[in-house]
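Data block for final28.pdb (PDB, C-alpha atoms, pLDDT in the B column):
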```
ATOM      1  CA  MET A   1      13.034  46.996  -1.471  1.00 44.00           C
ATOM      2  CA  LYS A   2      16.094  47.061   0.802  1.00 50.00           C
ATOM      3  CA  LEU A   3      15.313  47.776   4.431  1.00 50.00           C
ATOM      4  CA  VAL A   4      18.666  46.867   5.953  1.00 63.00           C
ATOM      5  CA  ASN A   5      19.006  50.313   7.466  1.00 74.00           C
ATOM      6  CA  LYS A   6      16.264  49.276   9.891  1.00 84.00           C
ATOM      7  CA  GLN A   7      16.976  46.836  12.708  1.00 90.00           C
ATOM      8  CA  PRO A   8      14.638  43.817  12.615  1.00 96.00           C
ATOM      9  CA  VAL A   9      12.518  43.062  15.663  1.00 96.00           C
ATOM     10  CA  ILE A  10      12.760  39.438  16.767  1.00 98.00           C
ATOM     11  CA  ARG A  11       9.649  38.099  18.459  1.00 97.00           C
ATOM     12  CA  GLN A  12       7.424  35.085  18.842  1.00 95.00           C
ATOM     13  CA  ALA A  13       5.214  34.601  15.822  1.00 95.00           C
ATOM     14  CA  THR A  14       1.450  34.924  16.171  1.00 95.00           C
ATOM     15  CA  LEU A  15      -1.395  33.486  14.148  1.00 95.00           C
ATOM     16  CA  ASP A  16      -1.892  36.935  12.599  1.00 95.00           C
ATOM     17  CA  ASP A  17       1.625  36.627  11.148  1.00 96.00           C
ATOM     18  CA  VAL A  18       0.837  33.478   9.155  1.00 96.00           C
ATOM     19  CA  PRO A  19       0.126  35.159   5.777  1.00 95.00           C
ATOM     20  CA  ALA A  20       3.352  37.199   6.008  1.00 95.00           C
ATOM     21  CA  ILE A  21       5.313  34.118   7.128  1.00 96.00           C
ATOM     22  CA  ARG A  22       3.989  32.083   4.212  1.00 94.00           C
ATOM     23  CA  ALA A  23       4.798  34.871   1.731  1.00 94.00           C
ATOM     24  CA  PHE A  24       8.315  35.170   3.168  1.00 96.00           C
ATOM     25  CA  HIS A  25       8.819  31.389   3.143  1.00 94.00           C
ATOM     26  CA  ALA A  26       7.695  31.137  -0.495  1.00 95.00           C
ATOM     27  CA  ALA A  27       9.976  34.014  -1.541  1.00 95.00           C
ATOM     28  CA  SER A  28      12.887  32.440   0.343  1.00 96.00           C
ATOM     29  CA  TRP A  29      12.455  29.186  -1.531  1.00 96.00           C
ATOM     30  CA  LEU A  30      12.329  31.006  -4.853  1.00 95.00           C
ATOM     31  CA  ASN A  31      15.461  33.020  -4.009  1.00 95.00           C
ATOM     32  CA  THR A  32      17.413  30.065  -2.623  1.00 95.00           C
ATOM     33  CA  TYR A  33      16.554  26.743  -4.217  1.00 97.00           C
ATOM     34  CA  PRO A  34      16.368  26.956  -8.029  1.00 97.00           C
ATOM     35  CA  ASN A  35      19.473  25.210  -9.354  1.00 97.00           C
ATOM     36  CA  ASP A  36      19.522  23.891 -12.908  1.00 95.00           C
ATOM     37  CA  GLU A  37      22.582  21.700 -12.284  1.00 95.00           C
ATOM     38  CA  ALA A  38      20.747  19.942  -9.444  1.00 95.00           C
ATOM     39  CA  GLY A  39      17.548  19.626 -11.480  1.00 94.00           C
ATOM     40  CA  VAL A  40      15.601  22.103  -9.361  1.00 96.00           C
ATOM     41  CA  SER A  41      13.934  24.571 -11.706  1.00 96.00           C
ATOM     42  CA  LYS A  42      12.210  27.838 -10.834  1.00 95.00           C
ATOM     43  CA  ALA A  43       9.038  26.294 -12.251  1.00 95.00           C
ATOM     44  CA  TRP A  44       9.326  23.361  -9.826  1.00 95.00           C
ATOM     45  CA  VAL A  45       9.851  25.715  -6.866  1.00 95.00           C
ATOM     46  CA  ARG A  46       6.874  27.847  -7.954  1.00 94.00           C
ATOM     47  CA  GLU A  47       4.747  24.698  -8.181  1.00 93.00           C
ATOM     48  CA  GLN A  48       5.645  23.796  -4.578  1.00 92.00           C
ATOM     49  CA  TRP A  49       4.230  27.160  -3.487  1.00 90.00           C
ATOM     50  CA  ARG A  50       1.508  27.460  -6.145  1.00 89.00           C
ATOM     51  CA  ASP A  51      -1.424  27.911  -3.777  1.00 90.00           C
ATOM     52  CA  TRP A  52       0.410  29.037  -0.637  1.00 87.00           C
ATOM     53  CA  ASP A  53      -1.977  31.958  -0.179  1.00 88.00           C
ATOM     54  CA  SER A  54      -5.242  30.034  -0.677  1.00 92.00           C
ATOM     55  CA  SER A  55      -7.607  30.160   2.275  1.00 93.00           C
ATOM     56  CA  GLU A  56      -7.281  26.387   2.723  1.00 94.00           C
ATOM     57  CA  ARG A  57      -3.459  26.422   2.816  1.00 92.00           C
ATOM     58  CA  LEU A  58      -3.391  29.454   5.102  1.00 94.00           C
ATOM     59  CA  GLU A  59      -5.744  27.676   7.509  1.00 95.00           C
ATOM     60  CA  GLU A  60      -3.464  24.604   7.443  1.00 94.00           C
ATOM     61  CA  SER A  61      -0.538  26.894   8.239  1.00 94.00           C
ATOM     62  CA  ARG A  62      -2.438  28.571  11.084  1.00 95.00           C
ATOM     63  CA  ASN A  63      -3.128  25.144  12.585  1.00 96.00           C
ATOM     64  CA  TYR A  64       0.519  24.184  12.177  1.00 94.00           C
ATOM     65  CA  VAL A  65       1.730  27.407  13.839  1.00 95.00           C
ATOM     66  CA  ARG A  66      -0.959  27.116  16.533  1.00 96.00           C
ATOM     67  CA  SER A  67       0.461  23.711  17.492  1.00 94.00           C
ATOM     68  CA  PHE A  68       3.986  25.178  17.759  1.00 93.00           C
ATOM     69  CA  LEU A  69       2.851  28.085  19.901  1.00 94.00           C
ATOM     70  CA  ALA A  70       1.026  25.743  22.294  1.00 95.00           C
ATOM     71  CA  ASP A  71       4.042  23.435  22.693  1.00 96.00           C
ATOM     72  CA  PRO A  72       6.811  24.545  25.090  1.00 96.00           C
ATOM     73  CA  GLU A  73       9.151  22.156  23.257  1.00 96.00           C
ATOM     74  CA  GLN A  74       8.939  24.322  20.106  1.00 96.00           C
ATOM     75  CA  LEU A  75      10.623  27.674  19.558  1.00 97.00           C
ATOM     76  CA  TYR A  76       9.042  29.654  16.716  1.00 97.00           C
ATOM     77  CA  ARG A  77      10.318  33.182  16.123  1.00 98.00           C
ATOM     78  CA  ILE A  78      10.239  35.698  13.328  1.00 98.00           C
ATOM     79  CA  ALA A  79      12.198  38.854  12.668  1.00 98.00           C
ATOM     80  CA  SER A  80      10.312  41.682  11.053  1.00 96.00           C
ATOM     81  CA  VAL A  81      10.860  45.188   9.813  1.00 94.00           C
ATOM     82  CA  ASP A  82       7.635  47.133  10.000  1.00 89.00           C
ATOM     83  CA  LYS A  83       5.170  44.395   8.957  1.00 87.00           C
ATOM     84  CA  ARG A  84       7.551  42.569   6.608  1.00 93.00           C
ATOM     85  CA  VAL A  85       8.930  39.218   7.814  1.00 97.00           C
ATOM     86  CA  VAL A  86      12.666  39.075   7.128  1.00 97.00           C
ATOM     87  CA  ALA A  87      13.606  35.913   9.029  1.00 98.00           C
ATOM     88  CA  LEU A  88      12.101  32.739  10.444  1.00 98.00           C
ATOM     89  CA  LEU A  89      13.401  30.380  13.129  1.00 98.00           C
ATOM     90  CA  HIS A  90      11.842  27.075  14.172  1.00 97.00           C
ATOM     91  CA  ALA A  91      13.660  24.885  16.688  1.00 98.00           C
ATOM     92  CA  SER A  92      12.361  21.901  18.613  1.00 97.00           C
ATOM     93  CA  ARG A  93      13.491  19.831  21.557  1.00 96.00           C
ATOM     94  CA  HIS A  94      11.930  16.567  22.499  1.00 86.00           C
ATOM     95  CA  THR A  95      13.287  13.760  24.609  1.00 76.00           C
ATOM     96  CA  GLY A  96      16.110  12.255  22.638  1.00 77.00           C
ATOM     97  CA  LYS A  97      15.769  14.592  19.643  1.00 91.00           C
ATOM     98  CA  GLN A  98      16.560  18.244  19.183  1.00 97.00           C
ATOM     99  CA  GLU A  99      16.267  19.804  15.771  1.00 97.00           C
ATOM    100  CA  LEU A 100      16.679  23.021  13.860  1.00 98.00           C
ATOM    101  CA  ARG A 101      13.586  22.775  11.693  1.00 97.00           C
ATOM    102  CA  ALA A 102      13.883  26.105   9.864  1.00 97.00           C
ATOM    103  CA  LEU A 103      16.216  29.070   9.668  1.00 98.00           C
ATOM    104  CA  TYR A 104      15.475  31.392   6.754  1.00 97.00           C
ATOM    105  CA  ILE A 105      16.923  34.859   6.334  1.00 97.00           C
ATOM    106  CA  ASP A 106      15.763  37.361   3.697  1.00 96.00           C
ATOM    107  CA  LYS A 107      18.488  37.870   1.092  1.00 93.00           C
ATOM    108  CA  ASP A 108      18.714  41.578   2.048  1.00 93.00           C
ATOM    109  CA  TYR A 109      19.548  40.584   5.653  1.00 95.00           C
ATOM    110  CA  GLN A 110      22.058  37.824   4.955  1.00 93.00           C
ATOM    111  CA  GLY A 111      25.467  38.745   6.317  1.00 92.00           C
ATOM    112  CA  THR A 112      24.070  41.195   8.886  1.00 94.00           C
ATOM    113  CA  GLY A 113      24.363  38.914  11.932  1.00 95.00           C
ATOM    114  CA  LEU A 114      20.629  38.196  12.022  1.00 97.00           C
ATOM    115  CA  ALA A 115      21.122  34.449  11.433  1.00 97.00           C
ATOM    116  CA  GLN A 116      23.625  34.359  14.292  1.00 97.00           C
ATOM    117  CA  GLN A 117      21.182  36.179  16.590  1.00 97.00           C
ATOM    118  CA  LEU A 118      18.380  33.752  15.792  1.00 98.00           C
ATOM    119  CA  PHE A 119      20.654  30.740  16.076  1.00 98.00           C
ATOM    120  CA  GLY A 120      21.726  32.038  19.504  1.00 97.00           C
ATOM    121  CA  LEU A 121      18.090  31.915  20.613  1.00 98.00           C
ATOM    122  CA  ALA A 122      17.869  28.300  19.469  1.00 98.00           C
ATOM    123  CA  ASP A 123      21.133  27.450  21.226  1.00 96.00           C
ATOM    124  CA  ALA A 124      19.813  28.903  24.480  1.00 97.00           C
ATOM    125  CA  PHE A 125      16.605  26.864  24.028  1.00 97.00           C
ATOM    126  CA  TRP A 126      18.291  23.486  23.397  1.00 96.00           C
ATOM    127  CA  ASP A 127      19.859  21.268  26.047  1.00 94.00           C
ATOM    128  CA  PRO A 128      23.612  21.768  25.453  1.00 93.00           C
ATOM    129  CA  HIS A 129      24.319  18.169  26.456  1.00 92.00           C
ATOM    130  CA  GLN A 130      22.124  16.676  23.729  1.00 93.00           C
ATOM    131  CA  PRO A 131      22.817  16.512  19.985  1.00 95.00           C
ATOM    132  CA  VAL A 132      21.005  18.769  17.536  1.00 97.00           C
ATOM    133  CA  GLU A 133      20.168  17.748  13.957  1.00 97.00           C
ATOM    134  CA  LEU A 134      19.092  19.667  10.891  1.00 98.00           C
ATOM    135  CA  ALA A 135      18.454  19.131   7.204  1.00 98.00           C
ATOM    136  CA  VAL A 136      19.921  21.357   4.516  1.00 98.00           C
ATOM    137  CA  VAL A 137      19.806  21.389   0.739  1.00 98.00           C
ATOM    138  CA  ASP A 138      23.185  20.019  -0.296  1.00 97.00           C
ATOM    139  CA  TYR A 139      23.985  22.763  -2.817  1.00 97.00           C
ATOM    140  CA  ASN A 140      23.136  25.545  -0.355  1.00 97.00           C
ATOM    141  CA  SER A 141      26.810  26.216   0.373  1.00 96.00           C
ATOM    142  CA  ARG A 142      26.168  29.412   2.321  1.00 95.00           C
ATOM    143  CA  ALA A 143      23.869  27.628   4.787  1.00 97.00           C
ATOM    144  CA  LYS A 144      26.195  24.644   5.112  1.00 98.00           C
ATOM    145  CA  ARG A 145      29.149  26.939   5.922  1.00 97.00           C
ATOM    146  CA  PHE A 146      27.043  28.738   8.541  1.00 97.00           C
ATOM    147  CA  TYR A 147      26.063  25.446  10.189  1.00 98.00           C
ATOM    148  CA  GLU A 148      29.635  24.157  10.093  1.00 98.00           C
ATOM    149  CA  LYS A 149      30.717  27.325  11.957  1.00 97.00           C
ATOM    150  CA  GLN A 150      28.121  26.387  14.594  1.00 96.00           C
ATOM    151  CA  GLY A 151      29.760  22.968  15.016  1.00 96.00           C
ATOM    152  CA  PHE A 152      27.548  20.863  12.725  1.00 98.00           C
ATOM    153  CA  LYS A 153      28.955  18.055  10.592  1.00 98.00           C
ATOM    154  CA  LYS A 154      27.408  16.103   7.773  1.00 98.00           C
ATOM    155  CA  ILE A 155      25.967  12.752   8.789  1.00 98.00           C
ATOM    156  CA  GLU A 156      27.586  10.293   6.402  1.00 97.00           C
ATOM    157  CA  GLY A 157      25.051   8.395   4.314  1.00 97.00           C
ATOM    158  CA  SER A 158      22.287  10.914   5.095  1.00 97.00           C
ATOM    159  CA  GLU A 159      21.754  12.055   1.514  1.00 97.00           C
ATOM    160  CA  TYR A 160      18.149  12.171   0.329  1.00 97.00           C
ATOM    161  CA  ARG A 161      15.955  14.141  -2.041  1.00 96.00           C
ATOM    162  CA  HIS A 162      13.556  16.544  -0.365  1.00 94.00           C
ATOM    163  CA  ALA A 163      10.188  16.312  -2.119  1.00 93.00           C
ATOM    164  CA  ASP A 164      11.851  13.731  -4.382  1.00 93.00           C
ATOM    165  CA  THR A 165      13.772  16.558  -6.078  1.00 95.00           C
ATOM    166  CA  MET A 166      16.135  18.693  -3.962  1.00 96.00           C
ATOM    167  CA  PRO A 167      19.380  16.924  -3.004  1.00 97.00           C
ATOM    168  CA  SER A 168      19.599  17.293   0.771  1.00 97.00           C
ATOM    169  CA  ILE A 169      21.689  16.070   3.671  1.00 98.00           C
ATOM    170  CA  ARG A 170      21.359  15.814   7.437  1.00 98.00           C
ATOM    171  CA  MET A 171      23.871  17.437   9.758  1.00 98.00           C
ATOM    172  CA  VAL A 172      24.451  16.981  13.484  1.00 98.00           C
ATOM    173  CA  ARG A 173      26.164  18.836  16.299  1.00 97.00           C
ATOM    174  CA  GLU A 174      26.867  16.258  18.958  1.00 93.00           C
ATOM    175  CA  THR A 175      26.778  18.653  21.947  1.00 85.00           C
ATOM    176  CA  ASN A 176      27.424  22.272  22.775  1.00 76.00           C
ATOM    177  CA  LYS A 177      28.969  21.771  26.216  1.00 67.00           C
TER     178      LYS A 177
END
```

Let me see the file written as C-alpha coordinates.
Amino acid sequence: MKLVNKQPVIRQATLDDVPAIRAFHAASWLNTYPNDEAGVSKAWVREQWRDWDSSERLEESRNYVRSFLADPEQLYRIASVDKRVVALLHASRHTGKQELRALYIDKDYQGTGLAQQLFGLADAFWDPHQPVELAVVDYNSRAKRFYEKQGFKKIEGSEYRHADTMPSIRMVRETNK
(Lines of atoms letter the chains of each structure in order from A and count residues from 1; the text may use other names and numbers.)
(Lines give C-alpha, C1' and ligand atoms only; values in the text may rest on other atoms or scores of the structure.)
Protein backbone atom coordinates (compact mmCIF):
# COMPACT_ATOMS: atom_id res chain seq x y z
CA MET A 1 0.00 0.00 0.00
CA LYS A 2 1.80 3.13 -1.21
CA LEU A 3 1.13 6.21 0.88
CA VAL A 4 3.83 8.48 -0.52
CA ASN A 5 1.26 11.08 -1.49
CA LYS A 6 0.90 11.79 2.24
CA GLN A 7 3.61 13.66 4.13
CA PRO A 8 4.88 11.68 7.13
CA VAL A 9 4.68 13.25 10.58
CA ILE A 10 7.96 13.07 12.48
CA ARG A 11 7.59 12.90 16.24
CA GLN A 12 8.97 11.37 19.40
CA ALA A 13 7.90 7.77 19.77
CA THR A 14 5.65 6.77 22.66
CA LEU A 15 5.15 3.46 24.42
CA ASP A 16 1.84 3.11 22.56
CA ASP A 17 3.83 3.08 19.31
CA VAL A 18 5.87 0.00 20.25
CA PRO A 19 3.75 -2.62 18.40
CA ALA A 20 3.78 -0.51 15.20
CA ILE A 21 7.52 0.15 15.58
CA ARG A 22 8.25 -3.55 16.00
CA ALA A 23 6.10 -4.44 12.97
CA PHE A 24 7.86 -1.78 10.89
CA HIS A 25 11.30 -2.89 12.10
CA ALA A 26 10.56 -6.54 11.25
CA ALA A 27 9.26 -5.61 7.79
CA SER A 28 12.32 -3.42 7.19
CA TRP A 29 14.65 -6.30 7.96
CA LEU A 30 12.73 -8.59 5.64
CA ASN A 31 12.79 -6.00 2.83
CA THR A 32 16.45 -5.07 3.29
CA TYR A 33 18.63 -7.90 4.56
CA PRO A 34 17.98 -11.18 2.72
CA ASN A 35 20.98 -11.75 0.45
CA ASP A 36 21.77 -15.24 -0.79
CA GLU A 37 25.30 -14.29 -1.87
CA ALA A 38 26.07 -13.13 1.67
CA GLY A 39 24.44 -16.19 3.22
CA VAL A 40 21.52 -14.26 4.69
CA SER A 41 18.33 -16.08 3.74
CA LYS A 42 14.75 -14.87 4.10
CA ALA A 43 14.22 -17.81 6.45
CA TRP A 44 17.07 -16.60 8.68
CA VAL A 45 15.66 -13.05 8.76
CA ARG A 46 12.17 -14.39 9.56
CA GLU A 47 13.66 -16.45 12.40
CA GLN A 48 15.24 -13.31 13.89
CA TRP A 49 11.77 -11.77 14.08
CA ARG A 50 9.80 -14.98 14.69
CA ASP A 51 8.09 -13.89 17.89
CA TRP A 52 8.42 -10.11 17.59
CA ASP A 53 4.74 -9.63 18.38
CA SER A 54 4.57 -11.94 21.42
CA SER A 55 3.48 -10.24 24.63
CA GLU A 56 6.87 -11.01 26.21
CA ARG A 57 8.89 -9.48 23.34
CA LEU A 58 6.60 -6.45 23.14
CA GLU A 59 7.07 -5.87 26.87
CA GLU A 60 10.86 -6.10 26.42
CA SER A 61 10.57 -3.54 23.63
CA ARG A 62 8.42 -1.24 25.77
CA ASN A 63 11.08 -1.36 28.49
CA TYR A 64 13.79 -0.66 25.93
CA VAL A 65 11.89 2.32 24.48
CA ARG A 66 10.96 3.53 27.97
CA SER A 67 14.67 3.74 28.82
CA PHE A 68 15.35 5.79 25.66
CA LEU A 69 12.51 8.20 26.35
CA ALA A 70 13.73 8.78 29.92
CA ASP A 71 17.32 9.48 28.81
CA PRO A 72 18.10 12.96 27.44
CA GLU A 73 21.17 11.46 25.77
CA GLN A 74 18.94 9.39 23.44
CA LEU A 75 16.97 10.69 20.47
CA TYR A 76 14.19 8.31 19.42
CA ARG A 77 11.85 9.47 16.66
CA ILE A 78 9.42 7.89 14.26
CA ALA A 79 7.76 9.12 11.11
CA SER A 80 4.22 7.98 10.54
CA VAL A 81 1.45 8.30 8.02
CA ASP A 82 -1.89 7.90 9.73
CA LYS A 83 -1.01 5.15 12.24
CA ARG A 84 1.57 3.40 10.04
CA VAL A 85 5.24 3.83 11.02
CA VAL A 86 7.29 4.60 7.91
CA ALA A 87 10.63 5.52 9.49
CA LEU A 88 12.63 5.10 12.68
CA LEU A 89 15.56 7.11 14.03
CA HIS A 90 17.60 6.30 17.13
CA ALA A 91 20.66 8.41 17.93
CA SER A 92 22.66 8.57 21.14
CA ARG A 93 25.28 10.84 22.62
CA HIS A 94 27.28 9.96 25.66
CA THR A 95 30.57 11.34 26.87
CA GLY A 96 33.15 10.19 24.39
CA LYS A 97 30.71 8.27 22.17
CA GLN A 98 28.02 9.41 19.79
CA GLU A 99 26.23 6.88 17.66
CA LEU A 100 23.56 6.48 15.03
CA ARG A 101 21.91 3.36 16.40
CA ALA A 102 19.09 3.03 13.85
CA LEU A 103 17.83 4.74 10.73
CA TYR A 104 15.20 2.73 8.86
CA ILE A 105 13.02 4.09 6.08
CA ASP A 106 10.05 2.22 4.59
CA LYS A 107 10.83 1.18 1.02
CA ASP A 108 7.92 3.34 -0.25
CA TYR A 109 9.55 6.43 1.33
CA GLN A 110 13.14 5.84 0.25
CA GLY A 111 14.32 8.61 -2.04
CA THR A 112 11.76 11.12 -0.75
CA GLY A 113 14.13 13.09 1.51
CA LEU A 114 12.75 11.52 4.69
CA ALA A 115 16.10 9.93 5.61
CA GLN A 116 17.79 13.31 5.18
CA GLN A 117 15.18 14.98 7.40
CA LEU A 118 15.64 12.42 10.15
CA PHE A 119 19.42 12.50 9.85
CA GLY A 120 19.23 16.30 10.19
CA LEU A 121 17.50 15.85 13.55
CA ALA A 122 20.30 13.55 14.68
CA ASP A 123 22.93 16.01 13.44
CA ALA A 124 21.32 18.81 15.44
CA PHE A 125 21.28 16.52 18.51
CA TRP A 126 24.95 15.47 18.35
CA ASP A 127 27.91 17.59 19.42
CA PRO A 128 29.43 18.66 16.08
CA HIS A 129 32.93 18.58 17.57
CA GLN A 130 32.75 14.89 18.51
CA PRO A 131 32.90 11.87 16.19
CA VAL A 132 29.80 9.84 15.39
CA GLU A 133 29.86 6.09 14.67
CA LEU A 134 27.38 3.69 13.15
CA ALA A 135 27.14 0.09 12.03
CA VAL A 136 25.79 -0.92 8.64
CA VAL A 137 25.34 -4.21 6.83
CA ASP A 138 28.19 -4.29 4.34
CA TYR A 139 26.07 -5.24 1.32
CA ASN A 140 23.52 -2.49 2.01
CA SER A 141 24.99 -0.25 -0.70
CA ARG A 142 22.15 2.27 -0.60
CA ALA A 143 22.66 2.92 3.12
CA LYS A 144 26.44 3.07 2.79
CA ARG A 145 26.17 5.66 -0.02
CA PHE A 146 23.78 7.73 2.12
CA TYR A 147 26.18 7.67 5.07
CA GLU A 148 29.16 8.50 2.87
CA LYS A 149 27.26 11.58 1.63
CA GLN A 150 26.92 12.56 5.31
CA GLY A 151 30.70 12.39 5.73
CA PHE A 152 31.07 8.86 7.15
CA LYS A 153 33.97 6.61 6.22
CA LYS A 154 34.52 2.93 6.82
CA ILE A 155 36.66 2.13 9.84
CA GLU A 156 39.36 -0.15 8.47
CA GLY A 157 39.40 -3.55 10.15
CA SER A 158 35.88 -3.06 11.57
CA GLU A 159 34.29 -5.97 9.70
CA TYR A 160 32.16 -8.31 11.80
CA ARG A 161 29.10 -10.51 11.44
CA HIS A 162 25.96 -9.15 13.07
CA ALA A 163 24.19 -12.01 14.85
CA ASP A 164 27.03 -14.21 13.56
CA THR A 165 25.52 -13.99 10.06
CA MET A 166 25.19 -10.56 8.42
CA PRO A 167 28.50 -9.11 7.19
CA SER A 168 28.67 -5.65 8.74
CA ILE A 169 31.09 -2.77 9.12
CA ARG A 170 31.50 0.26 11.35
CA MET A 171 31.70 3.76 9.92
CA VAL A 172 32.75 7.04 11.52
CA ARG A 173 32.38 10.74 10.84
CA GLU A 174 35.18 12.42 12.72
CA THR A 175 33.40 15.78 13.26
CA ASN A 176 30.79 17.96 11.65
CA LYS A 177 32.37 21.34 12.40

TODO: Carefully work through the PyMOL selection byres ((chain A and resi 81) around 9) for this structure and note down the residues it includes, as a list in words.
DONE: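 On this input, the PyMOL selection byres ((chain A and resi 81) around 9) captures Leu3, Val4, Lys6, Gln7, Pro8, Val9, Ala79, Ser80, Asp82, Lys83, Arg84, Val85 and Val86 of chain A.
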
With C-alpha atoms retained, could you export that selection as a JSON list (two decimals), in the frame of the given file?
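Once everything was written out, this is out19.json:
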```json
[["chain", "number", "residue", "atom", "x", "y", "z"],
["A", 3, "LEU", "CA", 15.31, 47.78, 4.43],
["A", 4, "VAL", "CA", 18.67, 46.87, 5.95],
["A", 6, "LYS", "CA", 16.26, 49.28, 9.89],
["A", 7, "GLN", "CA", 16.98, 46.84, 12.71],
["A", 8, "PRO", "CA", 14.64, 43.82, 12.62],
["A", 9, "VAL", "CA", 12.52, 43.06, 15.66],
["A", 79, "ALA", "CA", 12.20, 38.85, 12.67],
["A", 80, "SER", "CA", 10.31, 41.68, 11.05],
["A", 82, "ASP", "CA", 7.64, 47.13, 10.00],
["A", 83, "LYS", "CA", 5.17, 44.40, 8.96],
["A", 84, "ARG", "CA", 7.55, 42.57, 6.61],
["A", 85, "VAL", "CA", 8.93, 39.22, 7.81],
["A", 86, "VAL", "CA", 12.67, 39.08, 7.13]]
```

Task: Neighbour list for Asp36 in chain A as a list in words, cut-off 12 Å, all atoms listed in the file, skip fewer than 4 positions in-chain - done: Val40, Ser41, Lys42, Ala43, Trp44, Val45, Tyr139, Thr165 and Met166 of chain A

Task: Residues matched by the PyMOL selection byres ((chain A and resi 123) around 12) as a PyMOL selection string - done: chain A and resi 75+89-93+98-100+116-122+124-132+150-151+173+175-177

TODO: Can you work out the spacing between CA of Trp52 in chain A and CA of Glu133 in chain A in Å, to one decimal?
DONE: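 So the answer is 27.0 Å.
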
- [ ] Evaluate the PyMOL selection byres ((chain A and resi 21) around 12) on the structure here and hand back the selected residues as a ChimeraX atom specification.
- [x] /A:12-20,22-28,52-53,58,61-62,65,76-80,83-90,104-106

Task: Atom-to-atom span, CA of Lys154 in chain A and CA of Val137 in chain A, Å - done: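 Going from CA of Lys154 in chain A over to CA of Val137 in chain A, I get 11.6 Å.
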
Task: Pairwise distance for CA of Trp29 in chain A and CA of Arg161 in chain A, rounded to one decimal in Å - done: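 Answer for the CA of Trp29 in chain A to CA of Arg161 in chain A separation: 15.5 Å.
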
Task: Within 12 Å of file point (18.0, 11.2, -1.4), counting only C-alpha atoms, expressed as a ChimeraX atom specification - done: /A:135-138,157-170

Give the centre and edge lengths of an axis-aligned box, in Å to one decimal, that holds all listed atoms of range 93-103 of chain A with 6 Å on each side, as JSON.
```
{"center_x": 14.3, "center_y": 20.7, "center_z": 17.1, "size_x": 16.7, "size_y": 28.8, "size_z": 26.9}
```

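Among A:Lys97, A:Glu60, A:Ala143, A:Val172, the residue with the shortest atom-to-atom distance to Ile155 in chain A, counting only C-alpha atoms, is A:Val172.
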